[in-house]
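> Quick one, target08.csv (CSV, C-alpha atoms and all ligand atoms):
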chain,number,residue,atom,x,y,z
A,13,MET,CA,-9.4,-22.2,-9.2
A,14,ASN,CA,-12.6,-20.1,-9.2
A,15,GLN,CA,-15.1,-23.0,-9.1
A,16,GLU,CA,-18.5,-21.8,-8.1
A,17,LEU,CA,-19.6,-22.9,-4.6
A,18,PRO,CA,-22.5,-25.4,-4.8
A,19,HIS,CA,-26.0,-24.0,-4.7
A,20,PRO,CA,-27.5,-24.4,-1.2
A,21,GLY,CA,-30.4,-26.7,-1.2
A,22,SER,CA,-29.2,-28.7,-4.2
A,23,HIS,CA,-26.3,-30.2,-2.1
A,24,SER,CA,-25.8,-31.5,1.4
A,25,PRO,CA,-24.4,-29.1,4.0
A,26,SER,CA,-21.0,-30.9,3.8
A,27,ALA,CA,-20.8,-30.1,0.1
A,28,TRP,CA,-19.9,-26.5,1.0
A,29,LEU,CA,-16.9,-27.8,2.9
A,30,SER,CA,-15.8,-30.3,0.3
A,31,THR,CA,-15.9,-27.5,-2.4
A,32,LEU,CA,-13.7,-25.3,-0.2
A,33,GLU,CA,-11.3,-28.2,0.4
A,34,ARG,CA,-11.1,-28.9,-3.4
A,35,ARG,CA,-10.3,-25.2,-3.9
A,36,ALA,CA,-7.6,-25.3,-1.2
A,37,GLU,CA,-6.1,-28.4,-2.9
A,38,LEU,CA,-5.9,-26.4,-6.2
A,39,ARG,CA,-4.2,-23.6,-4.4
A,40,ARG,CA,-1.8,-26.0,-2.7
A,41,ALA,CA,-0.9,-27.5,-6.1
A,42,ALA,CA,-0.2,-24.1,-7.5
A,43,GLY,CA,2.0,-23.1,-4.5
A,44,LEU,CA,-0.6,-20.5,-3.4
A,45,ARG,CA,-1.5,-21.7,0.2
A,46,ARG,CA,-0.8,-19.1,2.8
A,47,THR,CA,0.2,-19.7,6.4
A,48,LEU,CA,-0.1,-17.4,9.3
A,49,VAL,CA,3.2,-17.4,11.2
A,50,THR,CA,3.1,-16.4,14.8
A,51,ARG,CA,4.9,-13.2,15.7
A,52,ASP,CA,6.0,-12.8,19.3
A,53,ALA,CA,6.1,-9.4,21.0
A,54,ASP,CA,9.9,-9.8,21.5
A,55,ASP,CA,10.4,-11.3,18.1
A,56,GLN,CA,14.1,-11.2,17.3
A,57,LEU,CA,13.7,-11.4,13.5
A,58,CYS,CA,15.3,-8.7,11.5
A,59,ASP,CA,12.4,-6.9,9.8
A,60,LEU,CA,12.6,-6.9,6.0
A,61,ALA,CA,8.9,-7.5,5.6
A,62,GLY,CA,6.9,-4.7,7.3
A,63,ASN,CA,6.2,-1.2,6.2
A,64,ASP,CA,7.5,0.6,9.2
A,65,TYR,CA,10.0,2.4,6.9
A,66,LEU,CA,11.2,5.0,9.5
A,67,GLY,CA,11.0,2.7,12.5
A,68,LEU,CA,8.5,4.9,14.2
A,69,SER,CA,5.9,2.4,15.3
A,70,ARG,CA,7.7,1.8,18.6
A,71,HIS,CA,9.2,5.3,19.0
A,72,PRO,CA,8.8,6.4,22.7
A,73,GLU,CA,7.0,9.7,21.7
A,74,VAL,CA,4.5,7.7,19.6
A,75,LEU,CA,3.9,5.2,22.4
A,76,ALA,CA,3.5,8.0,25.0
A,77,ALA,CA,1.0,9.9,22.8
A,78,ALA,CA,-1.0,6.7,22.2
A,79,ALA,CA,-0.9,5.8,25.9
A,80,ALA,CA,-2.2,9.2,26.9
A,81,ALA,CA,-5.1,9.0,24.5
A,82,LEU,CA,-5.9,5.5,25.7
A,83,ARG,CA,-6.3,6.9,29.2
A,84,ASP,CA,-8.3,9.9,28.0
A,85,TYR,CA,-10.6,8.3,25.5
A,86,GLY,CA,-10.5,4.5,26.1
A,87,LEU,CA,-9.6,1.9,23.5
A,88,GLY,CA,-12.0,2.6,20.7
A,89,ALA,CA,-13.9,5.4,19.1
A,90,ASN,CA,-17.2,3.7,20.0
A,91,GLY,CA,-18.9,4.6,16.8
A,92,SER,CA,-18.9,6.7,13.7
A,93,ARG,CA,-17.7,10.3,14.3
A,94,LEU,CA,-21.1,11.6,13.0
A,95,VAL,CA,-22.9,9.6,15.6
A,96,ARG,CA,-20.6,9.4,18.6
A,97,GLY,CA,-18.8,12.8,18.2
A,98,SER,CA,-15.5,13.7,16.7
A,99,THR,CA,-12.5,14.0,19.0
A,100,ALA,CA,-10.0,16.9,19.0
A,101,GLU,CA,-7.3,14.3,18.1
A,102,HIS,CA,-9.1,13.4,14.9
A,103,ALA,CA,-9.5,17.1,13.9
A,104,ALA,CA,-5.9,17.9,14.7
A,105,LEU,CA,-4.6,14.9,12.8
A,106,GLU,CA,-6.6,16.0,9.8
A,107,SER,CA,-5.3,19.5,9.8
A,108,GLU,CA,-1.7,18.2,10.3
A,109,LEU,CA,-2.1,15.8,7.4
A,110,ALA,CA,-3.5,18.5,5.1
A,111,GLU,CA,-0.5,20.6,6.0
A,112,ALA,CA,2.0,17.8,5.4
A,113,LEU,CA,0.4,16.9,2.1
A,114,HIS,CA,0.0,20.6,1.1
A,115,THR,CA,-3.8,20.2,0.4
A,116,PRO,CA,-6.5,22.4,1.7
A,117,ALA,CA,-8.2,19.7,3.7
A,118,ALA,CA,-8.1,16.0,4.7
A,119,LEU,CA,-10.4,13.3,6.1
A,120,VAL,CA,-9.2,10.3,8.1
A,121,TYR,CA,-10.6,6.8,7.6
A,122,SER,CA,-10.1,3.7,9.6
A,123,SER,CA,-7.8,2.2,6.9
A,124,GLY,CA,-6.1,3.1,3.7
A,125,TYR,CA,-8.2,0.5,2.0
A,126,LEU,CA,-11.4,2.3,3.0
A,127,ALA,CA,-9.9,5.7,2.1
A,128,ASN,CA,-9.4,4.4,-1.5
A,129,LEU,CA,-13.0,3.1,-1.7
A,130,ALA,CA,-14.2,6.4,-0.4
A,131,ALA,CA,-12.1,8.6,-2.8
A,132,MET,CA,-13.1,6.6,-5.8
A,133,ALA,CA,-16.8,6.6,-5.0
A,134,ALA,CA,-16.7,10.3,-4.4
A,135,LEU,CA,-15.0,11.1,-7.7
A,136,THR,CA,-17.1,8.9,-10.1
A,137,SER,CA,-20.6,8.4,-11.4
A,138,ALA,CA,-21.8,5.6,-13.7
A,139,ARG,CA,-20.8,7.8,-16.6
A,140,THR,CA,-17.2,8.3,-15.5
A,141,LEU,CA,-14.3,6.7,-17.3
A,142,LEU,CA,-11.8,5.2,-14.8
A,143,ILE,CA,-8.3,4.5,-16.0
A,144,LEU,CA,-6.3,2.4,-13.6
A,145,ASP,CA,-2.6,1.8,-13.8
A,146,ALA,CA,-2.0,-1.9,-14.4
A,147,HIS,CA,0.1,-2.2,-11.2
A,148,ALA,CA,-2.5,-0.3,-9.0
A,149,HIS,CA,-3.0,-1.8,-5.5
A,150,THR,CA,-5.9,-4.2,-4.9
A,151,SER,CA,-7.8,-1.7,-2.8
A,152,LEU,CA,-7.9,0.6,-5.9
A,153,ILE,CA,-9.1,-2.2,-8.1
A,154,ASP,CA,-11.8,-3.2,-5.6
A,155,ALA,CA,-12.8,0.5,-5.3
A,156,ALA,CA,-13.1,0.6,-9.1
A,157,ARG,CA,-15.3,-2.5,-9.1
A,158,LEU,CA,-17.6,-0.9,-6.5
A,159,THR,CA,-18.1,2.3,-8.5
A,160,ARG,CA,-19.4,0.3,-11.5
A,161,ALA,CA,-17.8,3.0,-13.7
A,162,GLU,CA,-16.4,1.8,-17.0
A,163,THR,CA,-12.8,0.9,-16.1
A,164,LEU,CA,-9.8,0.6,-18.4
A,165,LEU,CA,-6.3,-0.7,-17.4
A,166,ALA,CA,-3.4,1.5,-18.6
A,167,PRO,CA,0.0,0.0,-19.2
A,168,HIS,CA,2.1,0.6,-16.1
A,169,SER,CA,3.6,4.1,-15.8
A,170,ASP,CA,3.4,4.7,-19.6
A,171,PRO,CA,2.5,8.3,-20.3
A,172,THR,CA,2.1,7.7,-24.1
A,173,ALA,CA,-0.3,4.9,-23.5
A,174,LEU,CA,-2.3,7.1,-21.1
A,175,ALA,CA,-2.5,9.9,-23.6
A,176,GLU,CA,-3.8,7.5,-26.3
A,177,LEU,CA,-6.5,6.1,-23.9
A,178,LEU,CA,-7.7,9.6,-23.1
A,179,GLU,CA,-7.6,10.7,-26.8
A,180,GLY,CA,-9.7,7.7,-27.6
A,181,HIS,CA,-12.5,9.0,-25.3
A,182,PRO,CA,-12.9,12.6,-26.1
A,183,GLY,CA,-15.3,14.7,-24.0
A,184,ARG,CA,-15.5,11.9,-21.4
A,185,ARG,CA,-15.2,12.7,-17.7
A,186,ALA,CA,-12.2,10.7,-16.7
A,187,VAL,CA,-10.3,9.8,-13.5
A,188,VAL,CA,-6.8,8.4,-13.8
A,189,VAL,CA,-5.7,6.3,-10.8
A,190,ILE,CA,-2.1,5.6,-9.9
A,191,GLU,CA,0.2,4.9,-7.0
A,192,SER,CA,3.1,7.4,-6.5
A,193,LEU,CA,5.5,4.7,-5.2
A,194,TYR,CA,4.4,1.3,-6.2
A,195,SER,CA,3.8,-1.1,-3.3
A,196,VAL,CA,5.2,-4.3,-4.8
A,197,ASP,CA,8.0,-3.2,-7.2
A,198,GLY,CA,8.9,-0.1,-5.4
A,199,ASP,CA,9.2,2.1,-8.5
A,200,CYS,CA,8.0,5.7,-8.7
A,201,ALA,CA,5.4,6.9,-11.1
A,202,PRO,CA,6.3,9.6,-13.6
A,203,VAL,CA,3.8,11.9,-11.8
A,204,ALA,CA,4.7,15.1,-13.6
A,205,GLU,CA,4.2,13.6,-17.1
A,206,LEU,CA,1.0,11.8,-16.1
A,207,HIS,CA,-0.4,14.9,-14.5
A,208,SER,CA,0.3,17.1,-17.5
A,209,ILE,CA,-1.5,14.6,-19.8
A,210,CYS,CA,-4.5,14.5,-17.4
A,211,ARG,CA,-4.6,18.3,-17.4
A,212,ARG,CA,-4.5,18.5,-21.1
A,213,HIS,CA,-7.5,16.2,-21.3
A,214,GLY,CA,-9.4,17.6,-18.3
A,215,ALA,CA,-9.0,14.4,-16.4
A,216,LEU,CA,-8.6,14.2,-12.6
A,217,LEU,CA,-5.6,12.4,-11.2
A,218,LEU,CA,-6.1,10.2,-8.0
A,219,VAL,CA,-2.7,9.4,-6.5
A,220,ASP,CA,-2.2,6.8,-3.7
A,221,GLU,CA,0.8,7.9,-1.8
A,222,ALA,CA,0.6,5.0,0.7
A,223,HIS,CA,4.3,4.0,0.4
A,224,ALA,CA,5.7,7.5,-0.2
A,225,VAL,CA,4.3,9.5,2.7
A,226,GLY,CA,7.1,10.0,5.3
A,227,VAL,CA,9.7,8.4,3.0
A,228,LEU,CA,9.9,10.7,0.0
A,229,GLY,CA,9.6,14.4,-0.7
A,230,PRO,CA,10.5,17.4,1.4
A,231,GLY,CA,9.2,16.8,5.0
A,232,GLY,CA,8.1,13.3,3.8
A,233,GLY,CA,5.2,15.0,2.0
A,234,GLY,CA,5.4,12.3,-0.8
A,235,VAL,CA,6.2,12.1,-4.5
A,236,LEU,CA,3.8,14.9,-5.4
A,237,ALA,CA,5.5,17.3,-3.0
A,238,ALA,CA,8.9,16.3,-4.5
A,239,ALA,CA,7.5,17.0,-8.0
A,240,GLY,CA,6.1,20.4,-6.9
A,241,LEU,CA,2.6,19.1,-7.6
A,242,ALA,CA,1.1,18.9,-4.1
A,243,GLY,CA,-2.1,20.9,-3.8
A,244,GLU,CA,-2.9,21.0,-7.5
A,245,PRO,CA,-6.7,21.3,-7.8
A,246,ASP,CA,-7.0,18.4,-10.2
A,247,ILE,CA,-5.1,16.0,-8.0
A,248,VAL,CA,-6.7,14.0,-5.1
A,249,VAL,CA,-4.4,12.2,-2.7
A,250,THR,CA,-5.0,9.1,-0.7
A,251,ALA,CA,-2.6,7.5,1.8
A,252,THR,CA,-2.4,5.1,4.6
A,253,LEU,CA,-1.2,5.9,8.1
A,254,SER,CA,-0.1,2.3,8.6
A,255,LYS,CA,3.3,2.4,6.9
A,256,ALA,CA,5.9,5.1,7.5
A,257,LEU,CA,3.6,6.5,10.2
A,258,GLY,CA,3.6,3.2,12.0
A,259,GLY,CA,0.0,3.1,13.0
A,260,ALA,CA,-3.2,2.4,11.2
A,261,GLY,CA,-5.8,4.3,9.2
A,262,GLY,CA,-6.1,6.1,6.0
A,263,VAL,CA,-6.6,9.6,4.6
A,264,VAL,CA,-8.2,11.3,1.6
A,265,ALA,CA,-6.7,14.8,1.0
A,266,GLY,CA,-7.9,17.4,-1.4
A,267,SER,CA,-10.2,20.4,-1.7
A,268,ALA,CA,-12.5,21.6,1.1
A,269,GLN,CA,-15.4,20.8,-1.3
A,270,LEU,CA,-14.3,17.2,-1.7
A,271,ILE,CA,-13.9,16.7,2.1
A,272,ALA,CA,-17.4,18.2,2.7
A,273,HIS,CA,-18.8,15.9,0.0
A,274,LEU,CA,-17.2,12.9,1.8
A,275,VAL,CA,-18.5,13.9,5.2
A,276,ASP,CA,-22.0,14.1,3.7
A,277,THR,CA,-22.0,11.0,1.5
A,278,SER,CA,-19.0,8.7,2.0
A,279,ARG,CA,-20.3,5.3,3.2
A,280,PRO,CA,-16.9,4.1,4.5
A,281,PHE,CA,-16.9,7.3,6.7
A,282,ILE,CA,-20.5,7.3,7.8
A,283,PHE,CA,-21.0,3.6,8.3
A,284,ASP,CA,-17.6,2.7,9.9
A,285,THR,CA,-16.4,3.1,13.4
A,286,ALA,CA,-13.9,5.9,13.5
A,287,LEU,CA,-10.2,5.3,13.8
A,288,ALA,CA,-9.4,4.5,17.5
A,289,PRO,CA,-8.2,7.7,19.4
A,290,PRO,CA,-5.0,6.0,20.7
A,291,VAL,CA,-4.0,5.3,17.1
A,292,VAL,CA,-4.9,8.8,16.0
A,293,ALA,CA,-2.7,10.3,18.8
A,294,GLY,CA,0.2,7.9,18.0
A,295,VAL,CA,0.0,8.7,14.3
A,296,ARG,CA,0.0,12.5,15.1
A,297,ALA,CA,3.3,12.0,17.0
A,298,ALA,CA,4.7,9.8,14.2
A,299,LEU,CA,3.8,12.4,11.6
A,300,ARG,CA,5.5,15.2,13.6
A,301,LEU,CA,8.6,13.0,13.9
A,302,ALA,CA,8.5,12.0,10.2
A,303,ARG,CA,8.2,15.6,9.0
A,304,GLY,CA,11.4,16.5,10.9
A,305,SER,CA,13.4,13.4,10.0
A,306,GLU,CA,15.3,14.2,6.8
A,307,GLN,CA,18.1,12.0,8.3
A,308,LEU,CA,15.8,9.0,8.5
A,309,ARG,CA,14.8,9.5,4.9
A,310,ALA,CA,18.4,9.7,3.9
A,311,GLU,CA,19.1,6.5,5.8
A,312,VAL,CA,16.3,4.7,3.8
A,313,ALA,CA,17.8,6.0,0.5
A,314,LEU,CA,21.3,4.9,1.5
A,315,ARG,CA,20.1,1.4,2.5
A,316,ALA,CA,18.2,1.0,-0.7
A,317,GLU,CA,21.5,1.6,-2.6
A,318,LEU,CA,23.5,-0.7,-0.4
A,319,ALA,CA,20.9,-3.5,-0.7
A,320,VAL,CA,20.5,-3.2,-4.5
A,321,ALA,CA,24.3,-3.4,-5.0
A,322,ARG,CA,24.5,-6.5,-2.8
A,323,LEU,CA,21.6,-8.3,-4.4
A,324,HIS,CA,22.9,-7.5,-7.9
A,325,ALA,CA,26.3,-8.8,-6.9
A,326,GLY,CA,24.6,-12.0,-5.8
A,327,GLY,CA,23.1,-12.4,-9.3
A,328,LEU,CA,19.5,-11.6,-8.3
A,329,GLY,CA,17.0,-9.7,-10.3
A,330,VAL,CA,16.2,-6.4,-8.5
A,331,ALA,CA,15.4,-2.9,-9.8
A,332,ALA,CA,16.7,0.3,-8.3
A,333,ALA,CA,14.5,1.2,-5.4
A,334,ALA,CA,12.9,4.7,-5.3
A,335,GLY,CA,11.9,4.4,-1.6
A,336,GLY,CA,11.8,1.7,1.0
A,337,VAL,CA,10.6,-1.2,-1.1
A,338,LEU,CA,12.9,-3.7,-3.0
A,339,SER,CA,11.4,-6.4,-5.2
A,340,VAL,CA,13.5,-9.5,-5.9
A,341,LEU,CA,12.3,-11.8,-8.6
A,342,ALA,CA,11.6,-15.5,-7.7
A,343,PRO,CA,11.4,-18.2,-10.4
A,344,SER,CA,8.0,-19.4,-9.2
A,345,ALA,CA,5.4,-19.1,-6.4
A,346,ALA,CA,6.7,-22.3,-4.8
A,347,ALA,CA,10.3,-21.1,-5.1
A,348,ALA,CA,9.4,-17.8,-3.4
A,349,THR,CA,7.9,-19.7,-0.4
A,350,GLU,CA,10.8,-22.1,-0.2
A,351,TRP,CA,13.2,-19.1,-0.2
A,352,ALA,CA,11.4,-17.3,2.6
A,353,THR,CA,11.7,-20.3,4.9
A,354,PRO,CA,15.5,-20.4,5.2
A,355,CYS,CA,15.5,-16.6,5.5
A,356,ARG,CA,13.3,-16.9,8.6
A,357,GLU,CA,15.4,-19.8,9.9
A,358,HIS,CA,18.4,-17.4,9.7
A,359,GLY,CA,16.5,-14.7,11.6
A,360,VAL,CA,15.2,-12.6,8.7
A,361,ALA,CA,11.6,-11.9,8.0
A,362,VAL,CA,10.9,-11.2,4.3
A,363,GLY,CA,7.7,-10.6,2.3
A,364,CYS,CA,6.8,-13.5,0.0
A,365,PHE,CA,4.5,-12.1,-2.7
A,366,ARG,CA,2.7,-14.4,-5.0
A,367,PRO,CA,-0.3,-14.0,-7.3
A,368,PRO,CA,-2.8,-12.5,-6.7
A,369,SER,CA,-0.7,-10.1,-4.6
A,370,THR,CA,1.6,-9.4,-7.6
A,371,PRO,CA,0.5,-7.1,-10.4
A,372,ASP,CA,2.2,-9.1,-13.2
A,373,LYS,CA,1.6,-12.7,-11.9
A,374,GLN,CA,5.4,-13.0,-11.2
A,375,SER,CA,6.3,-14.1,-7.6
A,376,ARG,CA,9.0,-12.2,-5.7
A,377,LEU,CA,10.5,-11.6,-2.3
A,378,ARG,CA,9.5,-8.1,-1.3
A,379,LEU,CA,12.1,-6.6,1.0
A,380,THR,CA,11.5,-3.4,2.9
A,381,ILE,CA,13.8,-1.0,4.7
A,382,ASN,CA,13.2,-0.2,8.3
A,383,ALA,CA,15.5,2.6,9.3
A,384,GLY,CA,14.9,1.7,13.0
A,385,VAL,CA,16.8,-1.6,12.5
A,386,PRO,CA,20.6,-1.0,13.1
A,387,ARG,CA,22.3,-0.7,9.7
A,388,GLU,CA,24.7,-3.6,10.3
A,389,HIS,CA,21.8,-5.9,11.0
A,390,PHE,CA,20.1,-4.7,7.8
A,391,VAL,CA,23.2,-5.5,5.7
A,392,ARG,CA,23.5,-8.9,7.4
A,393,ALA,CA,19.9,-9.6,6.6
A,394,ILE,CA,20.3,-8.7,2.9
A,395,ASP,CA,23.3,-11.1,2.8
A,396,VAL,CA,21.1,-13.9,4.2
A,397,VAL,CA,18.6,-13.3,1.3
A,398,VAL,CA,21.5,-13.5,-1.2
A,399,GLN,CA,23.0,-16.7,0.4
A,400,THR,CA,19.7,-18.5,0.7
A,401,ALA,CA,18.6,-17.7,-2.9
A,402,PRO,CA,17.6,-20.8,-5.0
A,403,ASP,CA,19.9,-21.2,-8.0
A,404,ALA,CA,17.1,-20.5,-10.4
A,405,ALA,CA,16.6,-17.1,-8.8
A,406,ARG,CA,20.3,-16.2,-9.4
A,407,GLN,CA,19.9,-17.2,-13.0
A,408,TRP,CA,16.8,-15.0,-13.4
A,409,GLY,CA,19.1,-12.0,-13.7
A,410,LYS,CA,16.4,-9.7,-15.1
A,411,ALA,CA,15.2,-6.6,-13.2
A,412,PRO,CA,11.5,-6.2,-12.9
A,413,ALA,CA,10.0,-4.1,-15.8
B,501,LIG,C1,-0.7,1.2,-2.2
B,501,LIG,C2,-1.6,0.8,-1.1
B,501,LIG,N1,-2.8,1.5,-0.9
B,501,LIG,C3,-3.6,1.2,0.1
B,501,LIG,C4,-3.2,0.2,1.1
B,501,LIG,C5,-4.2,-0.1,2.1
B,501,LIG,O1,-3.8,0.5,3.3
B,501,LIG,P1,-4.3,-0.1,4.7
B,501,LIG,O2,-3.4,-1.2,5.0
B,501,LIG,O3,-4.1,1.0,5.7
B,501,LIG,O4,-5.7,-0.5,4.6
B,501,LIG,C6,-2.0,-0.4,0.9
B,501,LIG,C7,-1.5,-1.4,2.0
B,501,LIG,O5,-1.7,-2.4,2.3
B,501,LIG,C8,-1.2,-0.1,-0.1
B,501,LIG,O6,0.0,-0.8,-0.3
Step by step, read the file and then write its structure as structure tokens.

Amino acid sequence: MNQELPHPGSHSPSAWLSTLERRAELRRAAGLRRTLVTRDADDQLCDLAGNDYLGLSRHPEVLAAAAAALRDYGLGANGSRLVRGSTAEHAALESELAEALHTPAALVYSSGYLANLAAMAALTSARTLLILDAHAHTSLIDAARLTRAETLLAPHSDPTALAELLEGHPGRRAVVVIESLYSVDGDCAPVAELHSICRRHGALLLVDEAHAVGVLGPGGGGVLAAAGLAGEPDIVVTATLSKALGGAGGVVAGSAQLIAHLVDTSRPFIFDTALAPPVVAGVRAALRLARGSEQLRAEVALRAELAVARLHAGGLGVAAAAGGVLSVLAPSAAAATEWATPCREHGVAVGCFRPPSTPDKQSRLRLTINAGVPREHFVRAIDVVVQTAPDAARQWGKAPA
């Protein structure tokens, strides 16, 4: 699968293309080709695939805020904030995010992916030991690779294993990296236990709250807020603004010293065009709505219970969902793709996750909850997933670990 491309000069120009075609053929044989499916603006599909958990991406207040900023500032930021200037919208969003996440300060990036690269680079040196949860998102894995720090994978959400890894490296400056609500399986990390082990060993805990912000915790402040750990000095938070907040962008939240360090040194901040002002303004409105929406959070929790019960009753392998993500096991990558097709034909968009997007190499349908979709449509869509399941998926019968 990972054949080297031919060395230029030793092959004809067309050799590049034939190598790429051979690789595509291998992916096709393994059921790993990906297809871009057109989405129309008035798409009537029921959304079980996106990450707009609270249905805020089209909320009238969000659209109005974005439209006003579009008029005031234009489409884009036109440069890095250090070069082109930093708008009042960016500064306001940062103080509102810091307040929502209960941290002293926050810095906004143009994506959650970049926020993770930035946080990891800021917290490590070549001598740091990085310990990544085995199910950590690809952006965290890529960030670890860029740091060039020694990196160990810890068994998923296993406090005992984490303690053993830290005990095996006494006196080493360590950073432990987890998600609070895992993006593919939808399970919650045992943050309190992991944090107390980190504290005992003097390790820093980096928590990606991408799928928890807006969905979990008081005021949607995330899993750390729910556990009473928000704002601890040995925890750094990252999150994306593209999921429950319905827009785009990312954030690193932590101490004022960390944020000052990022402004001075962070390459994804300094060498990247800032998040577009209309998006910043729209996300501010979404954050305000999310913070006041306990009812939307309750709706997500209720739908998670409803969906798990129906999927179980259909004989499908699904674990209890801690937030807005449900992970339904598929027998193979090809079966996952074949399952997603009739779902779409019946008007339901589902996420089809296959390696390398799955942490454990097992393919699944990833179903998400969008509280903006009428509840009866959501229930009907879950029933479509059950009815279109291949027999082998019904016999799977085992919840994801
Ligand atoms: C856990 C996690 N972290 C980071 C990201 C990256 O965020 P963004 O899409 O804003 O780059 C994602 C989403 O794709 C994610 O699921």
> Which polymer residues have any atom within 8 Å of an atom of Ala334 (chain A), counting all atoms listed in the file, with same-chain residues fewer than 2 positions away left out, as a list in words?
Leu193, Gly198, Asp199, Cys200, Ala313, Ala316, Ala332, Gly336 and Val337 of chain A
> What does the structure give for the distance between CA of Gln269 (chain A) and atom C1 of ligand LIG 501 (chain B), in Å to one decimal?
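Straight-line distance from CA of Gln269 (chain A) to atom C1 of ligand LIG 501 (chain B) works out to 24.5 Å.
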> Select from chain A every residue with an atom at most 7 Å from any atom of ligand LIG 501 (chain B), then for each give the shortest pair of atoms and their distance in Å to one decimal, using only C-alpha atoms and all ligand atoms, rows by chain and rising number, as CSV.

residue,atom,partner,partner_atom,distance
A:Ser123,CA,B:LIG501,O3,4.1
A:Gly124,CA,B:LIG501,O1,3.5
A:Tyr125,CA,B:LIG501,O4,3.7
A:Leu126,CA,B:LIG501,O4,6.5
A:Asn128,CA,B:LIG501,C3,6.8
A:His149,CA,B:LIG501,C1,5.0
A:Ser151,CA,B:LIG501,C3,5.9
A:Glu191,CA,B:LIG501,C1,6.1
A:Tyr194,CA,B:LIG501,C1,6.5
A:Ser195,CA,B:LIG501,O6,4.9
A:Asp220,CA,B:LIG501,C1,6.0
A:Glu221,CA,B:LIG501,C1,6.9
A:Ala222,CA,B:LIG501,C1,5.0
A:His223,CA,B:LIG501,C1,6.3
A:Ala251,CA,B:LIG501,N1,6.6
A:Thr252,CA,B:LIG501,O3,4.6
A:Leu253,CA,B:LIG501,O3,6.2
A:Ser254,CA,B:LIG501,O3,5.1
A:Ala260,CA,B:LIG501,O3,5.7
A:Gly261,CA,B:LIG501,O3,5.1
A:Gly262,CA,B:LIG501,O3,5.5
> What's the 10 Å shell around Val95 (chain A), counting all atoms listed in the file, without same-chain residues fewer than 5 positions away, as a CSV table (one decimal) with C-alpha atoms, keeping the file's coordinate frame?

chain,number,residue,atom,x,y,z
A,90,ASN,CA,-17.2,3.7,20.0
A,282,ILE,CA,-20.5,7.3,7.8
A,283,PHE,CA,-21.0,3.6,8.3
A,285,THR,CA,-16.4,3.1,13.4
A,286,ALA,CA,-13.9,5.9,13.5
> In Å, with one decimal, what is the gap from CA of Gly335 (chain A) to CA of Ala321 (chain A)?
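Separating CA of Gly335 (chain A) from CA of Ala321 (chain A) is a distance of 15.0 Å.
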> Given all atoms listed in the file as the basis, pick out the residue of A:Val398, A:Ala239, A:Ala41, A:Pro230 nearest to Ala112 (chain A).
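Checking each of A:Val398, A:Ala239, A:Ala41, A:Pro230 against Ala112 (chain A), counting all atoms listed in the file, the winner is A:Pro230.
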> Hey, what's within 12 Å of Gly180 (chain A) if we count all atoms listed in the file and toss same-chain stuff fewer than 4 positions away? As an mmCIF file with C-alpha atoms, in the frame of the given file, please?

data_model
loop_
_atom_site.group_PDB
_atom_site.id
_atom_site.type_symbol
_atom_site.label_atom_id
_atom_site.label_comp_id
_atom_site.auth_asym_id
_atom_site.auth_seq_id
_atom_site.Cartn_x
_atom_site.Cartn_y
_atom_site.Cartn_z
ATOM 1 C CA LEU A 141 -14.300 6.700 -17.300
ATOM 2 C CA LEU A 164 -9.800 0.600 -18.400
ATOM 3 C CA ALA A 173 -0.300 4.900 -23.500
ATOM 4 C CA LEU A 174 -2.300 7.100 -21.100
ATOM 5 C CA ALA A 175 -2.500 9.900 -23.600
ATOM 6 C CA GLU A 176 -3.800 7.500 -26.300
ATOM 7 C CA ARG A 184 -15.500 11.900 -21.400
ATOM 8 C CA ALA A 186 -12.200 10.700 -16.700
ATOM 9 C CA HIS A 213 -7.500 16.200 -21.300
#
> Need to verify the contact set: Gly214 (chain A), 9 Å, all atoms listed in the file, exclusion of same-chain residues closer than 3 positions in sequence. Can you return it as a ChimeraX atom specification?
/A:183-186,209-211,246
> With a distance cut-off of 6 Å and only C-alpha atoms, select the neighbouring residues of Ala166 (chain A), excluding the residue or stretch itself and same-chain residues fewer than 2 positions from it, and output the selection as a PyMOL selection string.
chain A and resi 144-146
> Could you tell me how far CA of Leu257 (chain A) sits from CA of Val227 (chain A), in Å to one decimal place?
9.6 Å
> Nearest residue to Arg387 (chain A) out of A:Ala42, A:Ala288, A:Ala127, A:Leu318, using all atoms listed in the file?
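Of A:Ala42, A:Ala288, A:Ala127, A:Leu318, the one nearest Arg387 (chain A) is A:Leu318, counting all atoms listed in the file.
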> Please determine, counting all atoms listed in the file, which residue among A:Gly67, A:Gly329, A:Gly97, A:Pro171 has the shortest atom-to-atom distance to Ala404 (chain A).
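Smallest distance to Ala404 (chain A) is found for A:Gly329.
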> Within 9 Å of (12.8, -2.6, 1.5), in the coordinates the file gives, what residues turn up when you count only C-alpha atoms, written out as a list in words?
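Those residues lying close to the given coordinates are Leu60, Ala61, Gly62, Asn63, Tyr65, Gly198, Val312, Arg315, Ala316, Ala319, Ala333, Gly335, Gly336, Val337, Leu338, Ser339, Arg378, Leu379, Thr380, Ile381 and Asn382 of chain A.
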> For the point (4.2, 8.2, -12.1) in file coordinates, what residues are within 6 Å, counting all atoms listed in the file? Give the answer as a list in words?
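Here is the list of nearby residues: Ser169, Ser192, Cys200, Ala201, Pro202 and Val203 of chain A.
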